[in-house]
Each structure stands twice: as structure tokens, then as C-alpha cells.
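Trainee: Following this line is model05.tsv, made up of TSV, C-alpha atoms:
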```tsv
chain	number	residue	atom	x	y	z
A	21	MET	CA	44.20	-23.01	-2.70
A	22	PRO	CA	42.68	-26.00	-0.95
A	23	ALA	CA	38.95	-26.41	-0.96
A	24	GLY	CA	36.55	-29.18	-0.33
A	25	PRO	CA	33.96	-30.26	-2.82
A	26	GLU	CA	31.39	-27.96	-1.27
A	27	LEU	CA	33.61	-24.90	-1.70
A	28	THR	CA	34.26	-25.33	-5.38
A	29	ALA	CA	30.72	-26.10	-6.42
A	30	LEU	CA	29.06	-22.79	-7.20
A	31	ARG	CA	25.74	-23.19	-8.82
A	32	PRO	CA	22.39	-21.46	-8.67
A	33	ALA	CA	19.82	-22.62	-6.22
A	34	PRO	CA	17.18	-24.89	-7.62
A	35	ALA	CA	13.72	-23.43	-7.88
A	36	PRO	CA	11.87	-23.93	-4.58
A	37	ASP	CA	9.52	-26.65	-5.77
A	38	GLY	CA	8.51	-24.54	-8.70
A	39	ASP	CA	7.12	-21.79	-6.48
A	40	ARG	CA	9.15	-18.81	-7.69
A	41	SER	CA	6.61	-16.33	-6.40
A	42	THR	CA	7.27	-17.44	-2.84
A	43	GLY	CA	10.99	-16.77	-3.28
A	44	SER	CA	10.29	-13.36	-4.81
A	45	ARG	CA	7.98	-12.37	-1.96
A	46	ARG	CA	10.55	-13.51	0.57
A	47	ALA	CA	13.25	-11.48	-1.19
A	48	ALA	CA	10.98	-8.40	-1.30
A	49	VAL	CA	10.22	-8.63	2.42
A	50	LEU	CA	13.89	-9.19	3.20
A	51	MET	CA	14.89	-6.26	1.00
A	52	ALA	CA	12.43	-3.92	2.74
A	53	GLY	CA	13.64	-5.03	6.17
A	54	LEU	CA	17.31	-4.69	5.26
A	55	THR	CA	16.75	-1.25	3.73
A	56	ALA	CA	15.12	-0.05	6.96
A	57	ALA	CA	17.92	-1.65	9.01
A	58	LEU	CA	20.55	0.07	6.87
A	59	LEU	CA	18.93	3.50	7.28
A	60	VAL	CA	18.71	3.05	11.05
A	61	SER	CA	22.31	1.81	11.15
A	62	ILE	CA	23.50	4.88	9.26
A	63	LEU	CA	21.61	7.24	11.57
A	64	VAL	CA	22.91	5.54	14.73
A	65	ALA	CA	26.48	5.30	13.44
A	66	ILE	CA	26.54	9.01	12.58
A	67	GLY	CA	25.45	9.90	16.09
A	68	LEU	CA	27.89	7.64	17.93
A	69	GLY	CA	31.52	8.51	18.57
A	70	SER	CA	33.69	10.51	20.93
A	71	SER	CA	30.91	13.11	21.01
A	72	LEU	CA	27.58	11.33	21.53
A	73	VAL	CA	24.64	12.85	19.65
A	74	PRO	CA	21.12	11.41	20.19
A	75	PRO	CA	19.40	10.02	17.05
A	76	ALA	CA	16.71	12.72	17.14
A	77	ASP	CA	19.32	15.50	17.12
A	78	THR	CA	21.32	13.67	14.46
A	79	ALA	CA	18.27	13.49	12.23
A	80	ARG	CA	17.52	17.17	12.87
A	81	TYR	CA	21.06	18.22	11.90
A	82	LEU	CA	20.94	16.11	8.76
A	83	TRP	CA	17.56	17.59	7.83
A	84	ALA	CA	18.88	21.10	8.39
A	85	ALA	CA	21.92	20.40	6.21
A	86	VAL	CA	19.86	18.93	3.37
A	87	THR	CA	17.08	21.52	3.39
A	88	GLY	CA	19.13	24.59	4.35
A	89	GLY	CA	17.43	24.87	7.72
A	90	THR	CA	18.77	26.71	10.77
A	91	ILE	CA	20.28	25.57	14.08
A	92	SER	CA	21.13	27.47	17.22
A	93	ALA	CA	24.60	28.94	17.72
A	94	ASP	CA	25.51	26.58	20.55
A	95	GLU	CA	24.89	23.58	18.26
A	96	VAL	CA	27.34	24.58	15.55
A	97	THR	CA	30.17	22.38	16.80
A	98	ARG	CA	28.02	19.28	17.04
A	99	TYR	CA	26.46	20.06	13.67
A	100	GLN	CA	29.88	20.26	12.05
A	101	ILE	CA	30.92	16.96	13.62
A	102	ILE	CA	27.78	15.30	12.29
A	103	TRP	CA	27.70	16.81	8.81
A	104	GLN	CA	31.32	17.48	7.93
A	105	ILE	CA	33.06	14.51	9.57
A	106	ARG	CA	30.81	11.57	10.36
A	107	THR	CA	28.18	11.68	7.61
A	108	PRO	CA	30.58	11.36	4.65
A	109	ARG	CA	32.52	8.68	6.51
A	110	VAL	CA	29.47	6.55	7.30
A	111	LEU	CA	28.04	6.94	3.81
A	112	LEU	CA	31.40	6.01	2.30
A	113	ALA	CA	31.53	2.91	4.51
A	114	ALA	CA	28.06	1.90	3.33
A	115	THR	CA	29.05	2.51	-0.27
A	116	VAL	CA	32.22	0.44	-0.05
A	117	GLY	CA	30.45	-2.36	1.83
A	118	ALA	CA	27.74	-2.56	-0.83
A	119	GLY	CA	30.28	-2.46	-3.64
A	120	LEU	CA	32.56	-5.13	-2.16
A	121	ALA	CA	29.61	-7.46	-1.60
A	122	THR	CA	28.36	-6.97	-5.16
A	123	VAL	CA	31.77	-7.47	-6.71
A	124	GLY	CA	32.38	-10.53	-4.52
A	125	ALA	CA	29.15	-12.20	-5.63
A	126	THR	CA	29.94	-11.42	-9.28
A	127	ILE	CA	33.53	-12.67	-9.23
A	128	GLN	CA	32.55	-15.87	-7.43
A	129	ALA	CA	30.18	-16.61	-10.29
A	130	LEU	CA	32.65	-15.52	-13.00
A	131	VAL	CA	35.49	-17.76	-11.81
A	132	ARG	CA	33.15	-20.42	-10.37
A	133	ASN	CA	35.09	-20.40	-7.14
A	134	ALA	CA	33.45	-19.90	-3.77
A	135	LEU	CA	36.74	-18.69	-2.29
A	136	ALA	CA	36.96	-15.75	-4.67
A	137	ASP	CA	36.62	-12.17	-3.48
A	138	PRO	CA	37.25	-8.75	-5.06
A	139	TYR	CA	40.95	-9.01	-4.31
A	140	ILE	CA	41.76	-12.55	-5.44
A	141	LEU	CA	42.71	-11.34	-8.91
A	142	GLY	CA	45.58	-9.23	-7.59
A	143	VAL	CA	43.67	-5.95	-7.61
A	144	SER	CA	44.33	-5.05	-3.99
A	145	SER	CA	48.03	-5.85	-4.24
A	146	GLY	CA	48.33	-3.73	-7.38
A	147	ALA	CA	46.52	-0.89	-5.65
A	148	SER	CA	48.83	-1.19	-2.66
A	149	VAL	CA	51.87	-0.89	-4.91
A	150	GLY	CA	50.41	2.27	-6.44
A	151	ALA	CA	49.62	3.77	-3.05
A	152	VAL	CA	53.01	2.88	-1.61
A	153	THR	CA	54.78	4.41	-4.60
A	154	VAL	CA	52.91	7.67	-4.10
A	155	SER	CA	53.35	7.74	-0.31
A	156	LEU	CA	57.03	6.89	-0.19
A	157	PHE	CA	58.40	8.55	-3.30
A	158	GLY	CA	56.09	11.52	-3.82
A	159	ALA	CA	54.74	10.49	-7.21
A	160	LEU	CA	51.65	12.42	-8.39
A	161	SER	CA	52.38	15.06	-5.75
A	162	ALA	CA	50.66	17.66	-7.94
A	163	LEU	CA	47.34	16.04	-7.04
A	164	GLY	CA	47.71	16.95	-3.36
A	165	ILE	CA	45.53	14.97	-0.95
A	166	TYR	CA	44.15	12.88	-3.80
A	167	ALA	CA	47.58	11.58	-4.86
A	168	VAL	CA	47.42	8.34	-2.82
A	169	SER	CA	43.88	7.58	-3.98
A	170	VAL	CA	44.75	8.20	-7.62
A	171	GLY	CA	47.90	6.11	-7.27
A	172	ALA	CA	45.88	3.25	-5.76
A	173	PHE	CA	43.30	3.45	-8.53
A	174	ILE	CA	45.98	3.39	-11.23
A	175	GLY	CA	47.66	0.44	-9.52
A	176	ALA	CA	44.37	-1.48	-9.28
A	177	ILE	CA	43.47	-0.95	-12.92
A	178	GLY	CA	47.02	-1.73	-14.08
A	179	ALA	CA	47.04	-4.98	-12.09
A	180	THR	CA	43.67	-5.96	-13.53
A	181	VAL	CA	44.80	-5.40	-17.10
A	182	LEU	CA	48.02	-7.32	-16.46
A	183	VAL	CA	46.22	-10.30	-14.91
A	184	TYR	CA	43.69	-10.55	-17.71
A	185	THR	CA	46.33	-10.13	-20.43
A	186	ILE	CA	48.51	-12.91	-19.00
A	187	ALA	CA	45.56	-15.22	-18.34
A	188	TYR	CA	44.09	-14.74	-21.81
A	189	GLY	CA	44.90	-17.70	-24.03
A	190	LYS	CA	43.74	-19.16	-27.33
A	191	THR	CA	40.47	-20.20	-25.77
A	192	GLY	CA	40.00	-16.98	-23.84
A	193	ALA	CA	40.52	-16.35	-20.14
A	194	SER	CA	39.25	-19.42	-18.34
A	195	PRO	CA	38.19	-19.10	-14.67
A	196	LEU	CA	41.06	-21.30	-13.51
A	197	ARG	CA	43.69	-19.32	-15.42
A	198	LEU	CA	42.31	-16.04	-14.06
A	199	VAL	CA	42.44	-17.25	-10.46
A	200	LEU	CA	45.91	-18.79	-10.75
A	201	THR	CA	47.32	-15.74	-12.54
A	202	GLY	CA	45.74	-13.39	-10.03
A	203	VAL	CA	47.07	-15.29	-7.04
A	204	ALA	CA	50.57	-15.52	-8.55
A	205	LEU	CA	50.76	-11.83	-9.44
A	206	SER	CA	49.33	-10.92	-6.05
A	207	PHE	CA	52.34	-12.50	-4.39
A	208	GLY	CA	54.59	-10.64	-6.81
A	209	PHE	CA	52.96	-7.28	-6.05
A	210	GLN	CA	53.21	-7.93	-2.32
A	211	ALA	CA	56.91	-8.67	-2.69
A	212	VAL	CA	57.45	-5.41	-4.58
A	213	MET	CA	55.53	-3.49	-1.91
A	214	SER	CA	57.56	-5.11	0.89
A	215	VAL	CA	60.83	-4.12	-0.78
A	216	MET	CA	59.68	-0.52	-1.15
A	217	ILE	CA	58.59	-0.35	2.50
A	218	TYR	CA	61.89	-1.93	3.58
A	219	PHE	CA	63.79	0.87	1.88
A	220	ALA	CA	61.34	3.57	2.99
A	221	PRO	CA	63.11	6.80	3.92
A	222	THR	CA	61.11	7.39	7.13
A	223	GLY	CA	59.33	5.25	9.70
A	224	GLU	CA	56.32	7.58	9.65
A	225	ALA	CA	55.76	6.94	5.96
A	226	THR	CA	55.95	3.21	6.58
A	227	SER	CA	53.34	3.41	9.35
A	228	THR	CA	51.02	5.40	7.09
A	229	VAL	CA	51.31	2.89	4.30
A	230	LEU	CA	50.78	-0.12	6.56
A	231	PHE	CA	47.67	1.46	8.09
A	232	TRP	CA	46.30	2.23	4.62
A	233	THR	CA	46.86	-1.31	3.42
A	234	MET	CA	44.71	-2.59	6.32
A	235	GLY	CA	41.79	-0.36	5.34
A	236	SER	CA	40.36	2.82	6.84
A	237	PHE	CA	37.66	5.41	6.27
A	238	GLY	CA	39.51	8.01	8.33
A	239	ALA	CA	40.20	10.17	5.27
A	240	ALA	CA	36.59	10.21	4.06
A	241	THR	CA	35.39	13.57	2.74
A	242	TRP	CA	32.40	14.87	0.84
A	243	GLY	CA	34.72	15.28	-2.13
A	244	ALA	CA	35.57	11.57	-2.28
A	245	LEU	CA	32.03	10.28	-1.78
A	246	PRO	CA	30.30	11.19	-5.10
A	247	ILE	CA	32.88	9.47	-7.30
A	248	ALA	CA	32.97	6.26	-5.27
A	249	ALA	CA	29.18	6.17	-4.84
A	250	GLY	CA	28.57	6.91	-8.51
A	251	VAL	CA	30.91	4.15	-9.68
A	252	VAL	CA	29.49	1.59	-7.23
A	253	MET	CA	25.84	2.39	-7.99
A	254	ALA	CA	26.32	2.41	-11.75
A	255	GLY	CA	28.35	-0.79	-11.63
A	256	THR	CA	25.76	-2.53	-9.44
A	257	VAL	CA	22.93	-1.60	-11.80
A	258	VAL	CA	24.85	-2.82	-14.86
A	259	ILE	CA	25.97	-6.06	-13.18
A	260	ARG	CA	22.40	-6.90	-12.19
A	261	ARG	CA	21.46	-6.79	-15.85
A	262	PHE	CA	23.76	-9.80	-16.23
A	263	SER	CA	21.85	-11.84	-13.63
A	264	ARG	CA	20.64	-14.45	-16.09
A	265	PRO	CA	24.07	-14.97	-17.77
A	266	LEU	CA	25.66	-15.27	-14.31
A	267	ASP	CA	23.15	-17.98	-13.36
A	268	VAL	CA	23.96	-19.90	-16.50
A	269	MET	CA	27.75	-19.39	-16.29
A	270	SER	CA	27.71	-20.80	-12.78
A	271	LEU	CA	26.88	-24.13	-14.42
A	272	GLY	CA	29.94	-24.01	-16.68
A	273	ASP	CA	30.98	-22.50	-19.99
A	274	GLU	CA	29.76	-25.48	-21.99
A	275	THR	CA	26.28	-25.21	-20.52
A	276	ALA	CA	26.33	-21.45	-21.10
A	277	ALA	CA	27.28	-21.96	-24.76
A	278	SER	CA	24.48	-24.48	-25.23
A	279	LEU	CA	22.03	-21.87	-23.92
A	280	GLY	CA	23.34	-19.11	-26.20
A	281	ILE	CA	25.52	-17.28	-23.68
A	282	ASP	CA	28.96	-16.12	-24.87
A	283	ALA	CA	30.84	-16.82	-21.65
A	284	THR	CA	34.14	-15.27	-22.80
A	285	ARG	CA	32.59	-11.97	-23.85
A	286	THR	CA	30.37	-11.81	-20.76
A	287	ARG	CA	33.29	-12.62	-18.48
A	288	LYS	CA	35.43	-9.91	-20.11
A	289	SER	CA	32.68	-7.27	-19.76
A	290	LEU	CA	32.02	-8.07	-16.12
A	291	PHE	CA	35.73	-8.30	-15.40
A	292	VAL	CA	36.19	-4.71	-16.57
A	293	ILE	CA	33.21	-3.46	-14.55
A	294	THR	CA	34.32	-5.19	-11.34
A	295	ALA	CA	37.89	-3.95	-11.81
A	296	VAL	CA	36.74	-0.33	-12.11
A	297	MET	CA	34.50	-0.72	-9.06
A	298	THR	CA	37.26	-2.33	-7.00
A	299	GLY	CA	39.78	0.30	-8.03
A	300	ALA	CA	37.41	3.11	-7.05
A	301	MET	CA	36.75	1.52	-3.64
A	302	VAL	CA	40.37	0.71	-2.88
A	303	ALA	CA	41.32	4.28	-3.76
A	304	VAL	CA	39.12	5.72	-0.98
A	305	SER	CA	39.29	3.02	1.70
A	306	GLY	CA	42.41	0.93	1.22
A	307	THR	CA	42.17	-2.85	1.14
A	308	ILE	CA	39.36	-4.33	3.22
A	309	GLY	CA	39.02	-8.08	3.10
A	310	PHE	CA	36.34	-10.64	3.92
A	311	ILE	CA	33.27	-8.45	3.22
A	312	GLY	CA	33.38	-9.39	-0.46
A	313	LEU	CA	34.07	-13.02	0.40
A	314	VAL	CA	31.61	-13.69	3.20
A	315	THR	CA	28.60	-11.48	2.41
A	316	PRO	CA	27.54	-13.30	-0.79
A	317	HIS	CA	27.58	-16.62	1.10
A	318	ILE	CA	25.44	-15.21	3.91
A	319	THR	CA	22.98	-13.95	1.30
A	320	ARG	CA	22.86	-17.29	-0.51
A	321	MET	CA	22.03	-19.00	2.77
A	322	LEU	CA	19.06	-16.63	3.13
A	323	ILE	CA	17.59	-16.54	-0.37
A	324	GLY	CA	19.52	-18.98	-2.57
A	325	ALA	CA	21.91	-18.25	-5.42
A	326	THR	CA	19.63	-16.82	-8.10
A	327	HIS	CA	21.53	-13.68	-9.07
A	328	ALA	CA	18.45	-11.54	-9.75
A	329	ARG	CA	17.70	-11.70	-6.02
A	330	LEU	CA	21.27	-12.14	-4.81
A	331	LEU	CA	22.40	-8.87	-6.41
A	332	LEU	CA	19.55	-7.00	-4.70
A	333	ILE	CA	20.09	-8.33	-1.20
A	334	THR	CA	23.85	-8.72	-0.89
A	335	PRO	CA	24.66	-4.97	-1.32
A	336	LEU	CA	22.30	-4.14	1.57
A	337	ILE	CA	23.91	-6.72	3.85
A	338	GLY	CA	27.41	-5.61	2.85
A	339	ALA	CA	26.58	-1.94	3.47
A	340	SER	CA	25.09	-2.62	6.92
A	341	LEU	CA	28.01	-4.81	7.95
A	342	MET	CA	30.56	-2.22	6.90
A	343	VAL	CA	28.77	0.63	8.72
A	344	TRP	CA	28.87	-1.28	12.00
A	345	VAL	CA	32.43	-2.52	11.50
A	346	ASP	CA	33.60	1.04	10.86
A	347	LEU	CA	31.75	2.22	13.97
A	348	LEU	CA	33.61	-0.40	16.02
A	349	ALA	CA	36.89	0.60	14.39
A	350	ARG	CA	36.61	4.21	15.56
A	351	THR	CA	35.10	3.60	19.00
A	352	LEU	CA	36.59	0.38	20.46
A	353	ALA	CA	40.05	1.86	21.13
A	354	ALA	CA	39.17	5.58	21.06
A	355	PRO	CA	40.84	7.99	20.69
A	356	ARG	CA	42.95	5.63	18.57
A	357	GLU	CA	41.40	4.04	15.50
A	358	LEU	CA	41.62	0.36	14.61
A	359	PRO	CA	42.16	-0.70	10.99
A	360	VAL	CA	38.86	-1.74	9.43
A	361	GLY	CA	40.51	-4.69	7.68
A	362	VAL	CA	41.57	-6.13	11.02
A	363	LEU	CA	38.01	-6.11	12.35
A	364	THR	CA	36.53	-7.58	9.17
A	365	ALA	CA	39.05	-10.41	9.46
A	366	ILE	CA	38.19	-11.00	13.12
A	367	ILE	CA	34.52	-11.24	12.18
A	368	GLY	CA	35.00	-12.93	8.84
A	369	VAL	CA	37.28	-15.78	9.88
A	370	PRO	CA	34.86	-17.48	12.31
A	371	VAL	CA	31.95	-16.89	9.94
A	372	PHE	CA	33.86	-18.43	7.08
A	373	ILE	CA	34.94	-21.42	9.15
A	374	TYR	CA	31.31	-21.90	10.16
A	375	LEU	CA	30.31	-21.87	6.49
A	376	MET	CA	32.95	-24.44	5.62
A	377	ARG	CA	31.85	-26.76	8.39
A	378	ARG	CA	28.14	-26.32	7.81
A	379	LYS	CA	27.02	-29.54	6.18
A	380	GLY	CA	24.55	-29.26	3.38
A	381	TYR	CA	25.48	-25.77	2.26
A	382	VAL	CA	26.66	-25.92	-1.36
A	383	PHE	CA	26.62	-22.21	-2.11
A	384	GLY	CA	23.16	-21.93	-3.45
A	385	GLY	CA	21.85	-25.37	-2.77
A	386	LYS	CA	21.19	-27.22	0.41
```
Mind converting the file's structure to C-alpha cells?

Mentor:
Amino acid sequence: MPAGPELTALRPAPAPDGDRSTGSRRAAVLMAGLTAALLVSILVAIGLGSSLVPPADTARYLWAAVTGGTISADEVTRYQIIWQIRTPRVLLAATVGAGLATVGATIQALVRNALADPYILGVSSGASVGAVTVSLFGALSALGIYAVSVGAFIGAIGATVLVYTIAYGKTGASPLRLVLTGVALSFGFQAVMSVMIYFAPTGEATSTVLFWTMGSFGAATWGALPIAAGVVMAGTVVIRRFSRPLDVMSLGDETAASLGIDATRTRKSLFVITAVMTGAMVAVSGTIGFIGLVTPHITRMLIGATHARLLLITPLIGASLMVWVDLLARTLAAPRELPVGVLTAIIGVPVFIYLMRRKGYVFGGK
């Protein structure tokens, strides 16, 4: 995978002239602003759609649902649209956006590669194989509507285990071996998926699978939200506890060893956590690219690459981006719905090209 010198150098930002308190205050202000922006984005996104509901009414319906309040009889339809359809979808989009951004920032540090994202290790391809198997051949049919999600999760975890097992050598799983193994197996999984789609018994099943592999929140329900949100929140909290080791590992395994960090054990622990998070997200949304790749870089440009701050800010940016991208996906071509992965690519490609061409940006340094 070609990359210039700037793209392969992933190292923490130097302290801003020794004034760490200034950076912390800036991160705190940015975090407060982004949190407010995310809440407003969620409220607006829930109200917008084929049936337009003003923000004040949206907030009133949400308050009534949470507190057990009452609404008038002529508002029942709009209330059901807000609470039963749009709210779980928007919250799931925010959850997946936050999770992809967190996992992207973590994996970029683990493999010391600025081109890494949650799917570079073959996880998305493995999940796609699991989902295609369920959709086309009826595996796990006893699980009903959750069969595709469970199949995707099993595929993601299986691919992760396979990549790590193959990449693991006498000296452990080095970043380069992980990336190369993941990319190679990703092509293999995609080939397997293409063969299965080619021999699919019906064209409708093929269309369903292709749409799923491009990402969508169209199947979001209140039943799917708690599991995905719980996994993402728990994983984010645990990963942030590794902020200091991630800073050190960004400088190389030798430097980490000299500072008392066991890079192999830390990498293995974080690899498992990110795999579980990615599997849980892919299971409910399909494969959505570019959010995990681009969001960490945007955050580093704002506050530097110190992971204690990076892992606070990047989930908020990822969540906000995904909420608005999903809103565009379901409104731009209404009543039809665009695949979320297509829109993230349309937005992500120019942003990424801009990052590559921006002189002086070294992913954490300037």
C-alpha cells in the first residue's frame, strides 16, 4: 500500500512548548462544544425525514417517552415515527460513528500506520462472508431477524482470530505482519463472498447482500441498540486506559520496551478489544468505511496525537459525522435510501486527499 513519508510516520504530538495545561484546556473546551453539537445534531436528525417534526415537538415526544408522559391522540403517529423508528436509528448511527473513530485511532497506533482503519485487518470482509452465508443459504435461521447480524459478528471475530494467528510469529505479531496478513486475507474473503453472490439463488438476495455490504442503519431497532452501545462504550473506556502505552508504542516497540511497556501483550489485548467492537458494529450496520480512517486524522489536526485527549475527542467527532451522513442517506433520494458507505466515501475521499497533500501534517506533529 503506497504511502509517502508523512503517511507512515505516526507519532505523538510534541508537548506544546511545555504548556500541557493549555492543551488540556483547549481539549476541554472542544469536548464541551462537540458534546453540545452532538446533542443538537441528534435532536435535529430525529426530527428530519419524510415527515418533518419541529425540534420543540421532537424534544417533547422524547421527554414523554422517557418520563412516561402523555400526548394527544392526534400526535400518536408522529410520536411513533419519532420514538419507534428514528430515535433508535439516530442513536445507533452515533454509536457506530463513535466506535469506528475510536477503533480507527487505536489501530493506527497499534500498527503504526496512518492508512489503517477498523477494516484493514480483514474484519469487514470476514463479517461480509458471515452475513452473505446467512442471507443466501439460510444459516442460523433459528435466530430470525438477528441471523444476519449474528452471522456478521461470527465472521468478524473468526477473521480477526485467523489474521492474528497467521501473523503471530516467534517475535509476536509485528505491526507490519498484521497489516500484510489482514490485507491479504481481506482479498481472500472478498473473493469467497463474490463467488457466493455469483451463485446466489435469487437476484433479490444478491441485492440485499450488496446493500448490506455498503452499510445501512435501516434495520435499526431498540433491541439492537443496547448491545452495540454497551460494547462500544465499554471498549472505549477500556481503550482510553491504554492512552499512555499507545503514545509510547507509536514511537516503536524498541522505545516502548525501554520504557517498560510490553508492546506484544498490549497489542494483543487491544487487538481483541477492537475486534469485538468492530464485530458488534458491523453486525448492526454493515461495513462503513472512511469514518474510522479519517476522523482520527481530523482530531489530530485539532488537538495533536496525545491519546489521552485524542480518545476523548475523536468519538464525539465520529458520532456527529455519522449522524449527519445517515440523515443525508435517508433524505437525499427519498423515498429511496442511499447506502451510508457510499456517502462516507464521497466525503472521505476528498478529505483524505486533502490530508495527504497538506504539507506539514505528520499525524500528530506539524

Trainee: Which distance in Å separates CA of Thr126 in chain A and CA of Leu348 in chain A, to one decimal?

Mentor: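 Between these atoms lies a distance of 27.8 Å.
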
Trainee: Would you please work out which residue, of A:Thr294, A:Asp94, A:Gly67, A:Ile318, is nearest to Val251 in chain A when using all atoms listed in the file?

Mentor: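 Closest candidate: A:Thr294.
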
Trainee: Just to confirm, what's the straight-line distance from CA of Ser71 in chain A to CA of Ala354 in chain A in Å (one decimal)?

Mentor: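 For CA of Ser71 in chain A relative to CA of Ala354 in chain A, the distance reads 11.2 Å.
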
Trainee: If we count only C-alpha atoms, what is near range 326-335 of chain A at a cut-off of 7 Å, once residues fewer than 4 positions away on the same chain are taken out, given as a PyMOL selection string?

Mentor: chain A and resi 32-33+47+51+118-119+121-122+260+263+266-267+315-316+319-320+339

Trainee: Please indicate the distance in Å from CA of Ala85 in chain A to CA of Val345 in chain A, rounded to one decimal place.

Mentor: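 A separation of 25.8 Å between them.
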
Trainee: Using only the atoms of range 337-356 of chain A listed in the file, plus 8 Å on each side, state the axis-aligned box centre and edge lengths in Å rounded to one decimal, as AutoDock Vina command-line options.

Mentor:
```
--center_x 33.4 --center_y 0.6 --center_z 12.0 --size_x 35.0 --size_y 30.7 --size_z 34.3
```
